[in-house]
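Pasted below: final_38.pdb, PDB, C-alpha atoms, pLDDT in the B column.
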ATOM      1  CA  PHE A   1       0.000   0.000   0.000  1.00 87.00           C
ATOM      2  CA  ALA A   2       2.990   2.308   0.402  1.00 88.00           C
ATOM      3  CA  GLY A   3       3.481   2.378  -3.355  1.00 91.00           C
ATOM      4  CA  LEU A   4      -0.205   3.063  -3.888  1.00 92.00           C
ATOM      5  CA  TYR A   5      -0.113   6.036  -1.529  1.00 93.00           C
ATOM      6  CA  THR A   6       3.125   7.293  -3.074  1.00 94.00           C
ATOM      7  CA  ARG A   7       1.437   7.273  -6.493  1.00 94.00           C
ATOM      8  CA  TYR A   8      -1.457   9.252  -5.005  1.00 96.00           C
ATOM      9  CA  ALA A   9       1.025  11.761  -3.577  1.00 96.00           C
ATOM     10  CA  HIS A  10       2.767  11.989  -6.955  1.00 95.00           C
ATOM     11  CA  ASP A  11      -0.474  12.631  -8.818  1.00 96.00           C
ATOM     12  CA  ALA A  12      -1.451  15.258  -6.225  1.00 97.00           C
ATOM     13  CA  GLY A  13       1.847  17.068  -6.835  1.00 97.00           C
ATOM     14  CA  TRP A  14       3.185  16.478  -3.323  1.00 97.00           C
ATOM     15  CA  LEU A  15       6.452  14.803  -4.354  1.00 94.00           C
ATOM     16  CA  THR A  16       9.668  16.461  -5.374  1.00 94.00           C
ATOM     17  CA  ILE A  17      12.316  15.223  -7.787  1.00 93.00           C
ATOM     18  CA  GLY A  18      14.038  12.202  -6.315  1.00 95.00           C
ATOM     19  CA  ASP A  19      11.282  11.234  -3.863  1.00 95.00           C
ATOM     20  CA  LEU A  20      10.343   8.058  -5.758  1.00 94.00           C
ATOM     21  CA  GLU A  21      13.959   6.905  -5.896  1.00 94.00           C
ATOM     22  CA  GLU A  22      14.339   7.680  -2.202  1.00 94.00           C
ATOM     23  CA  ALA A  23      11.235   5.623  -1.415  1.00 92.00           C
ATOM     24  CA  GLN A  24      12.564   2.692  -3.429  1.00 91.00           C
ATOM     25  CA  GLU A  25      15.834   2.832  -1.502  1.00 91.00           C
ATOM     26  CA  ALA A  26      13.866   2.914   1.761  1.00 89.00           C
ATOM     27  CA  MET A  27      12.088  -0.296   0.729  1.00 85.00           C
ATOM     28  CA  LEU A  28      15.462  -1.953   0.207  1.00 84.00           C
ATOM     29  CA  ARG A  29      16.648  -0.798   3.646  1.00 82.00           C
ATOM     30  CA  ALA A  30      13.377  -1.822   5.334  1.00 76.00           C
ATOM     31  CA  GLY A  31      13.400  -5.424   4.124  1.00 66.00           C
ATOM     32  CA  ASP A  32      14.527  -8.118   6.480  1.00 69.00           C
ATOM     33  CA  ASP A  33      16.626 -11.189   5.842  1.00 68.00           C
ATOM     34  CA  HIS A  34      15.346 -13.151   8.840  1.00 69.00           C
ATOM     35  CA  ILE A  35      13.138 -15.521   6.877  1.00 68.00           C
ATOM     36  CA  ASP A  36      12.801 -17.905   9.853  1.00 71.00           C
ATOM     37  CA  ASN A  37      11.122 -15.172  11.913  1.00 70.00           C
ATOM     38  CA  PRO A  38       7.290 -15.517  12.003  1.00 70.00           C
ATOM     39  CA  GLY A  39       7.022 -11.730  11.603  1.00 69.00           C
ATOM     40  CA  HIS A  40       9.106 -11.780   8.400  1.00 68.00           C
ATOM     41  CA  HIS A  41       7.825  -9.231   5.882  1.00 70.00           C
ATOM     42  CA  GLY A  42       9.947 -10.038   2.863  1.00 75.00           C
ATOM     43  CA  LEU A  43      13.423  -9.672   1.519  1.00 81.00           C
ATOM     44  CA  PRO A  44      14.578  -6.189   0.534  1.00 83.00           C
ATOM     45  CA  GLU A  45      14.087  -6.887  -3.182  1.00 85.00           C
ATOM     46  CA  GLN A  46      10.588  -8.241  -2.533  1.00 85.00           C
ATOM     47  CA  ARG A  47       9.582  -5.119  -0.605  1.00 86.00           C
ATOM     48  CA  LYS A  48      10.793  -2.905  -3.425  1.00 89.00           C
ATOM     49  CA  GLU A  49       8.965  -5.050  -5.993  1.00 89.00           C
ATOM     50  CA  TRP A  50       5.644  -4.834  -4.102  1.00 87.00           C
ATOM     51  CA  PHE A  51       6.108  -1.111  -3.518  1.00 89.00           C
ATOM     52  CA  MET A  52       6.530  -0.580  -7.249  1.00 92.00           C
ATOM     53  CA  ARG A  53       3.503  -2.779  -8.033  1.00 92.00           C
ATOM     54  CA  GLY A  54       1.324  -0.470  -5.988  1.00 92.00           C
ATOM     55  CA  TYR A  55       2.922   2.604  -7.537  1.00 92.00           C
ATOM     56  CA  VAL A  56       2.791   1.482 -11.173  1.00 91.00           C
ATOM     57  CA  HIS A  57      -0.599  -0.251 -11.195  1.00 89.00           C
ATOM     58  CA  TYR A  58      -2.240   2.180  -8.739  1.00 83.00           C
ATOM     59  CA  SER A  59      -4.878  -0.280  -7.593  1.00 85.00           C
ATOM     60  CA  TYR A  60      -5.671  -2.201  -4.427  1.00 77.00           C
ATOM     61  CA  ARG A  61      -5.896  -5.378  -6.481  1.00 80.00           C
ATOM     62  CA  ALA A  62      -2.228  -5.026  -7.487  1.00 78.00           C
ATOM     63  CA  CYS A  63      -1.322  -5.038  -3.776  1.00 73.00           C
ATOM     64  CA  ASP A  64      -3.069  -8.385  -3.100  1.00 77.00           C
ATOM     65  CA  ALA A  65      -0.423 -11.044  -2.569  1.00 72.00           C
ATOM     66  CA  TRP A  66      -2.946 -13.877  -2.761  1.00 68.00           C
TER      67      TRP A  66
END
Could you show the structure in this file as structure tokens?
Amino acid sequence: FAGLYTRYAHDAGWLTIGDLEEAQEAMLRAGDDHIDNPGHHGLPEQRKEWFMRGYVHYSYRACDAW
């Protein structure tokens, strides 16, 4: 949903140059590599991929992992 909201912010004119790239980098930093942890939320690359799905497709359906 972060990508979806970021797209909304972009379309509303709230972002500045470089904000999308900064958000993508944040997704890489926010990922975790502890795949044995029950609270695991994805590898860094997976977080970035799902962020961009929400941003590019701009739909809740694109954010559904199932």
- What is the distance, in Å and to one decimal place, between CA of Glu25 (chain A) and CA of Leu4 (chain A)? 16.2 Å
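Our summary of the geometry notes that CA of Leu43 (chain A) is positioned 8.7 Å from CA of Ala30 (chain A).
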Once the PyMOL selection byres ((chain A and resi 27) around 12) has been evaluated on this model, what residues remain selected, and can you format them as a compact mmCIF listing (two decimals) with C-alpha atoms, keeping the file's coordinate frame?
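Just written: selection30.txt:
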# COMPACT_ATOMS: atom_id res chain seq x y z
CA ALA A 2 2.99 2.31 0.40
CA GLY A 3 3.48 2.38 -3.36
CA LEU A 20 10.34 8.06 -5.76
CA GLU A 21 13.96 6.90 -5.90
CA GLU A 22 14.34 7.68 -2.20
CA ALA A 23 11.24 5.62 -1.42
CA GLN A 24 12.56 2.69 -3.43
CA GLU A 25 15.83 2.83 -1.50
CA ALA A 26 13.87 2.91 1.76
CA LEU A 28 15.46 -1.95 0.21
CA ARG A 29 16.65 -0.80 3.65
CA ALA A 30 13.38 -1.82 5.33
CA GLY A 31 13.40 -5.42 4.12
CA ASP A 32 14.53 -8.12 6.48
CA HIS A 41 7.82 -9.23 5.88
CA GLY A 42 9.95 -10.04 2.86
CA LEU A 43 13.42 -9.67 1.52
CA PRO A 44 14.58 -6.19 0.53
CA GLU A 45 14.09 -6.89 -3.18
CA GLN A 46 10.59 -8.24 -2.53
CA ARG A 47 9.58 -5.12 -0.60
CA LYS A 48 10.79 -2.90 -3.42
CA GLU A 49 8.96 -5.05 -5.99
CA TRP A 50 5.64 -4.83 -4.10
CA PHE A 51 6.11 -1.11 -3.52
CA MET A 52 6.53 -0.58 -7.25
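When CA of Tyr55 (chain A) is paired with CA of Ala9 (chain A), their separation reads 10.2 Å.
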- Check what the PyMOL selection byres ((chain A and resi 58) around 10) selects in the file above and give those residues as a ChimeraX atom specification. /A:1,3-8,52-57,59-63
Could you put an axis-aligned box around every listed atom of region 11-22 of chain A, padded by 4 Å on each side, and send me its centre and edge lengths in Å to one decimal, as JSON?
{"center_x": 6.4, "center_y": 12.0, "center_z": -5.5, "size_x": 23.8, "size_y": 18.2, "size_z": 14.6}
